[in-house]
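Colleague: Below is the structure I would like to discuss, written out as structure tokens.
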Amino acid sequence: MTDKSSNQMWGGRFAAGPDAIMEAINASIGFDKRLAAQDVAGSRAHAAMLAATGIVSDKDAEAMREGLLTVLSEIEGGTFTFSTALEDIHMNVEARLKDIIGAPAGRLHTGRSRNDQVATDFKLWVRDQLDAADAALVTLCRACIAQAEAGADWVMPGFTHLQVAQPVTWGHHMMAYVEMFGRDLSRVRDARARMNECPLGAAALAGTSFPIDRHMTAEALGFDRPAANSLDAVSDRDFALEFLSVASICAMHLSRFAEELVIWSSAQFRFVSLSDRFSTGSSIMPQKKNPDAAELIRAKIGRIFGANVALMTVMKGLPLAYSKDMQEDKEQVFDAADNLMLALAAMEGMVRDMTANRDNLRVAAASGFSTATDLADWLVRVPGLPFREAHHVTGTLVAMAEARGCDLPDLSLEEMQSVHGDINESVYDVLGVDNSVASRTSYGGTAPDRVREQVQRWKEMLG
Ligand code: ARG
């Protein structure tokens, strides 16, 4: 960059500088400054490798490595002046390095290109996000497990079609979310393992004629190996897409849970009380306590899905290898990652702090003839009716209870026997909600003992 022409970056080839609009559409520094730490780490690894392979002198490499740390501390300390004319974080860092260490800075770009540089920086950034999501999911699972353990035998209604279906336990319901977030966790880990190949040294697209050591830089940056094909290495954004896909599924789970919390905390349900810390009031209605955090989690998914679709669309028509379209990857992923992390943290806080209203759960569990299936099963098990007939007899009893405005256990034995003569006193044992849930001992069922087993299993798995 010794050239004195009006083009700061490409003065050799270009006589004129870019139009202001060109600069505005082209520059990414406004957002890719978030990659500063990764950019410096990548450059420091590259400089060390250039020295180890004899491509640059030890002295120059040392100056570069030291100077890069100074650049980073300026950025982190807020004293760095970012330049739009220098387009992106890579050029901004390199230009500042030149101010600080002079000529040796010009050797840093030997055997690499911004194409492999940006792929490396962005991968390092996404990898950090996967690690952060991993930790946040573990914490969230632990909060759900704590709820499940406390309420392994608290009965509540289970729903299908949001209509009362059968009694279940609070612990069972909480552990359903542990299964969902646990799958998210395993997807995060899969994605991390798959993406951990280093693009650095792929150079612009074809590799380089310098005797670089890509294994050395890969290892220095914590990658498992260098990416095996230079064309693919610079044009692959699967890692970003996979992050967004994993994030989308996770956000969908968060949104479903958030929806339940909105419903459960309503005056009509009163299944849970959310803590003041995770609720808001109303500016006009003094009595209100609103589940805003849950609502916002439910809404965040829009951005995350959107980012996934947006980047898929950017990538779908690109020929190999790098195209500038790919610069549009970062803002989508940054926004999705920021909002996913916020949603995970907010959900963890809400779950940790919420109080289940056990009495309301119990009353609701017994409503809507929720033990009708238990009655039908009893008719099969005790008097030996075929299930279809048992279903019909139970339906008749439900209609009778409905006409009388009572629940199934409130029907007298005489009333029941008027529908089927084989019904006896022991039927009442299965009509209570505690007996109902305690009887569902099949593997994965809602019985408190089964729930406690799952709590134990997850505690061991999460360590
Ligand atoms: N700012 C660019 C990006 O984010 C860096 C790579 C530029 N490469 C190029 N050949 N213009 O993608």
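Going by the structure tokens order, chains are called A, B, ..., each with residues numbered from 1, while ligands are numbered from 1 in the order shown.
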Residues within 8 Å of ligand 1, counting only C-alpha atoms and all ligand atoms: report them as a compact mmCIF listing (two decimals) with C-alpha atoms, in the first residue's frame.
Modeller:
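The resulting selection-v6.txt:
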# COMPACT_ATOMS: atom_id res chain seq x y z
CA ALA A 27 -18.02 -2.43 2.70
CA SER A 28 -18.63 -4.96 5.44
CA ILE A 29 -16.62 -3.32 8.20
CA ASP A 32 -17.58 -7.79 10.33
CA GLU A 87 -13.84 -2.40 3.25
CA ASP A 88 -13.61 -5.04 5.90
CA ILE A 89 -12.02 -6.22 9.10
CA HIS A 90 -9.20 -8.01 7.26
CA SER A 113 -6.31 -14.54 0.48
CA ARG A 114 -9.22 -12.79 2.10
CA ASN A 115 -11.33 -15.66 0.83
CA ASP A 116 -9.74 -18.27 3.06
CA GLN A 117 -9.21 -15.64 5.72
CA VAL A 118 -12.90 -14.74 6.02
CA ALA A 119 -13.96 -18.38 5.90
CA ALA A 204 -8.06 -17.41 -3.17
CA TYR A 322 -16.04 -17.35 -3.71
CA SER A 323 -18.59 -14.73 -4.75
CA LYS A 324 -19.17 -11.48 -2.95
CA ASP A 325 -22.74 -12.59 -2.25
CA MET A 326 -21.22 -14.60 0.56
CA GLN A 327 -20.45 -11.43 2.49
CA GLU A 328 -24.20 -11.42 3.26
CA ASP A 329 -23.71 -14.46 5.51
CA LYS A 330 -22.52 -12.60 8.57
Colleague: Neighbouring residues of region 180-187 of chain A were defined as those with any atom within 8 Å, considering only C-alpha atoms; residues of the same chain fewer than 5 positions away were excluded. Please report them as a ChimeraX atom specification.
Modeller: /A:133-134,137-138,140-141,246,249-250,253
Colleague: Residues within 7 Å of region 434-447 of chain A, please, as number ranges by chain. Count only C-alpha atoms; anything in the same chain fewer than 4 positions from it doesn't count.
Modeller: A: 155, 167-169, 172, 371, 374, 429-430, 451
Colleague: Residues as selected, all heavy atoms, written as a PDB file, in the first residue's frame, can you do that?
Modeller:
ATOM      1  N   VAL A 155     -49.745 -34.004  39.739  1.00  0.00           N
ATOM      2  CA  VAL A 155     -50.583 -34.323  38.581  1.00  0.00           C
ATOM      3  C   VAL A 155     -51.057 -33.048  37.885  1.00  0.00           C
ATOM      4  O   VAL A 155     -51.286 -32.025  38.523  1.00  0.00           O
ATOM      5  CB  VAL A 155     -51.816 -35.181  38.962  1.00  0.00           C
ATOM      6  CG1 VAL A 155     -51.394 -36.606  39.270  1.00  0.00           C
ATOM      7  CG2 VAL A 155     -52.568 -34.574  40.126  1.00  0.00           C
ATOM      8  N   PRO A 167     -54.487 -37.517  32.587  1.00  0.00           N
ATOM      9  CA  PRO A 167     -53.606 -36.893  33.581  1.00  0.00           C
ATOM     10  C   PRO A 167     -52.151 -37.286  33.297  1.00  0.00           C
ATOM     11  O   PRO A 167     -51.865 -38.420  32.901  1.00  0.00           O
ATOM     12  CB  PRO A 167     -54.066 -37.501  34.912  1.00  0.00           C
ATOM     13  CG  PRO A 167     -55.391 -38.102  34.644  1.00  0.00           C
ATOM     14  CD  PRO A 167     -55.405 -38.498  33.198  1.00  0.00           C
ATOM     15  N   VAL A 168     -51.265 -36.342  33.485  1.00  0.00           N
ATOM     16  CA  VAL A 168     -49.826 -36.616  33.413  1.00  0.00           C
ATOM     17  C   VAL A 168     -49.186 -35.974  34.637  1.00  0.00           C
ATOM     18  O   VAL A 168     -49.877 -35.354  35.452  1.00  0.00           O
ATOM     19  CB  VAL A 168     -49.182 -36.064  32.118  1.00  0.00           C
ATOM     20  CG1 VAL A 168     -49.752 -36.750  30.877  1.00  0.00           C
ATOM     21  CG2 VAL A 168     -49.335 -34.555  32.003  1.00  0.00           C
ATOM     22  N   THR A 169     -47.884 -36.130  34.749  1.00  0.00           N
ATOM     23  CA  THR A 169     -47.203 -35.484  35.876  1.00  0.00           C
ATOM     24  C   THR A 169     -46.426 -34.267  35.374  1.00  0.00           C
ATOM     25  O   THR A 169     -45.948 -34.233  34.231  1.00  0.00           O
ATOM     26  CB  THR A 169     -46.239 -36.464  36.577  1.00  0.00           C
ATOM     27  OG1 THR A 169     -45.414 -37.081  35.596  1.00  0.00           O
ATOM     28  CG2 THR A 169     -47.010 -37.514  37.354  1.00  0.00           C
ATOM     29  N   HIS A 172     -43.100 -35.171  34.209  1.00  0.00           N
ATOM     30  CA  HIS A 172     -43.089 -35.774  32.875  1.00  0.00           C
ATOM     31  C   HIS A 172     -43.109 -34.682  31.806  1.00  0.00           C
ATOM     32  O   HIS A 172     -42.388 -34.758  30.805  1.00  0.00           O
ATOM     33  CB  HIS A 172     -44.325 -36.664  32.743  1.00  0.00           C
ATOM     34  CG  HIS A 172     -44.257 -37.661  31.629  1.00  0.00           C
ATOM     35  ND1 HIS A 172     -43.180 -38.480  31.416  1.00  0.00           N
ATOM     36  CD2 HIS A 172     -45.172 -37.985  30.661  1.00  0.00           C
ATOM     37  CE1 HIS A 172     -43.416 -39.257  30.365  1.00  0.00           C
ATOM     38  NE2 HIS A 172     -44.608 -38.968  29.893  1.00  0.00           N
ATOM     39  N   THR A 371     -59.937 -39.287  33.268  1.00  0.00           N
ATOM     40  CA  THR A 371     -59.605 -40.694  33.552  1.00  0.00           C
ATOM     41  C   THR A 371     -60.515 -41.663  32.777  1.00  0.00           C
ATOM     42  O   THR A 371     -60.598 -42.833  33.118  1.00  0.00           O
ATOM     43  CB  THR A 371     -59.682 -40.985  35.074  1.00  0.00           C
ATOM     44  OG1 THR A 371     -60.958 -40.540  35.564  1.00  0.00           O
ATOM     45  CG2 THR A 371     -58.570 -40.262  35.817  1.00  0.00           C
ATOM     46  N   ASP A 374     -58.737 -44.628  31.661  1.00  0.00           N
ATOM     47  CA  ASP A 374     -58.474 -45.575  32.764  1.00  0.00           C
ATOM     48  C   ASP A 374     -59.693 -46.470  32.992  1.00  0.00           C
ATOM     49  O   ASP A 374     -59.576 -47.661  33.259  1.00  0.00           O
ATOM     50  CB  ASP A 374     -58.144 -44.803  34.047  1.00  0.00           C
ATOM     51  CG  ASP A 374     -56.907 -43.942  33.884  1.00  0.00           C
ATOM     52  OD1 ASP A 374     -57.023 -42.812  33.365  1.00  0.00           O
ATOM     53  OD2 ASP A 374     -55.819 -44.421  34.227  1.00  0.00           O
ATOM     54  N   ASP A 429     -61.011 -47.122  42.103  1.00  0.00           N
ATOM     55  CA  ASP A 429     -59.550 -47.022  42.284  1.00  0.00           C
ATOM     56  C   ASP A 429     -58.882 -46.381  41.068  1.00  0.00           C
ATOM     57  O   ASP A 429     -57.880 -45.683  41.204  1.00  0.00           O
ATOM     58  CB  ASP A 429     -58.927 -48.417  42.484  1.00  0.00           C
ATOM     59  CG  ASP A 429     -59.357 -49.014  43.807  1.00  0.00           C
ATOM     60  OD1 ASP A 429     -59.877 -48.247  44.650  1.00  0.00           O
ATOM     61  OD2 ASP A 429     -59.173 -50.237  43.986  1.00  0.00           O
ATOM     62  N   VAL A 430     -59.399 -46.674  39.877  1.00  0.00           N
ATOM     63  CA  VAL A 430     -58.707 -46.184  38.678  1.00  0.00           C
ATOM     64  C   VAL A 430     -59.207 -44.807  38.241  1.00  0.00           C
ATOM     65  O   VAL A 430     -58.671 -44.220  37.304  1.00  0.00           O
ATOM     66  CB  VAL A 430     -58.813 -47.163  37.476  1.00  0.00           C
ATOM     67  CG1 VAL A 430     -58.241 -48.514  37.830  1.00  0.00           C
ATOM     68  CG2 VAL A 430     -60.233 -47.266  36.966  1.00  0.00           C
ATOM     69  N   VAL A 451     -40.611 -41.146  35.740  1.00  0.00           N
ATOM     70  CA  VAL A 451     -40.080 -39.780  35.602  1.00  0.00           C
ATOM     71  C   VAL A 451     -38.777 -39.653  36.399  1.00  0.00           C
ATOM     72  O   VAL A 451     -37.781 -39.110  35.902  1.00  0.00           O
ATOM     73  CB  VAL A 451     -41.117 -38.730  36.076  1.00  0.00           C
ATOM     74  CG1 VAL A 451     -40.498 -37.336  36.144  1.00  0.00           C
ATOM     75  CG2 VAL A 451     -42.319 -38.727  35.133  1.00  0.00           C
TER      76      VAL A 451
END
Colleague: Which residue out of A:Ala143, A:Ser73, A:Pro226, A:Phe159 has the minimum interatomic distance to Gly171 (chain A) when only C-alpha atoms are used?
Modeller: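 For Gly171 (chain A), the nearest of the candidates is A:Ala143.
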Colleague: For a quick check of understanding, using only C-alpha atoms, which of A:Leu296, A:Val164, A:Asp407, A:Thr110 has the smallest distance to Gly207 (chain A)?
Modeller: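 Result for the nearest residue to Gly207 (chain A): A:Thr110.
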Colleague: Go through A:Pro319, A:Gly158, A:Pro211, A:Gly432 one by one, measure the shortest atom-to-atom distance of each to Asp236 (chain A) using only C-alpha atoms, and give the residue with the smallest value.
Modeller: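 Answer, going by the shortest atom-to-atom distance: A:Pro319.
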Colleague: Just to confirm, what's the straight-line distance from CA of Phe305 (chain A) to CA of Val126 (chain A) in Å (one decimal)?
Modeller: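 We find that CA of Phe305 (chain A) and CA of Val126 (chain A) lie 16.9 Å from each other.
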Colleague: Please report, as a count of residues only, each residue of region 130-365 of chain A to which DSSP assigns alpha helix (DSSP H) when run on this structure's backbone.
Modeller: 144
Colleague: If we count only C-alpha atoms and set the cut-off at 10 Å, which residues sit around Val427 (chain A), ignoring sequence neighbours fewer than 5 positions away in its own chain? Please answer as a PyMOL selection string.
Modeller: chain A and resi 374-375+378-379+382+409+413+416+432
Colleague: Quick one: distance from CA of Ile75 (chain A) to CA of Gly42 (chain A) in Å, one decimal?
Modeller: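 So the answer is 15.9 Å.
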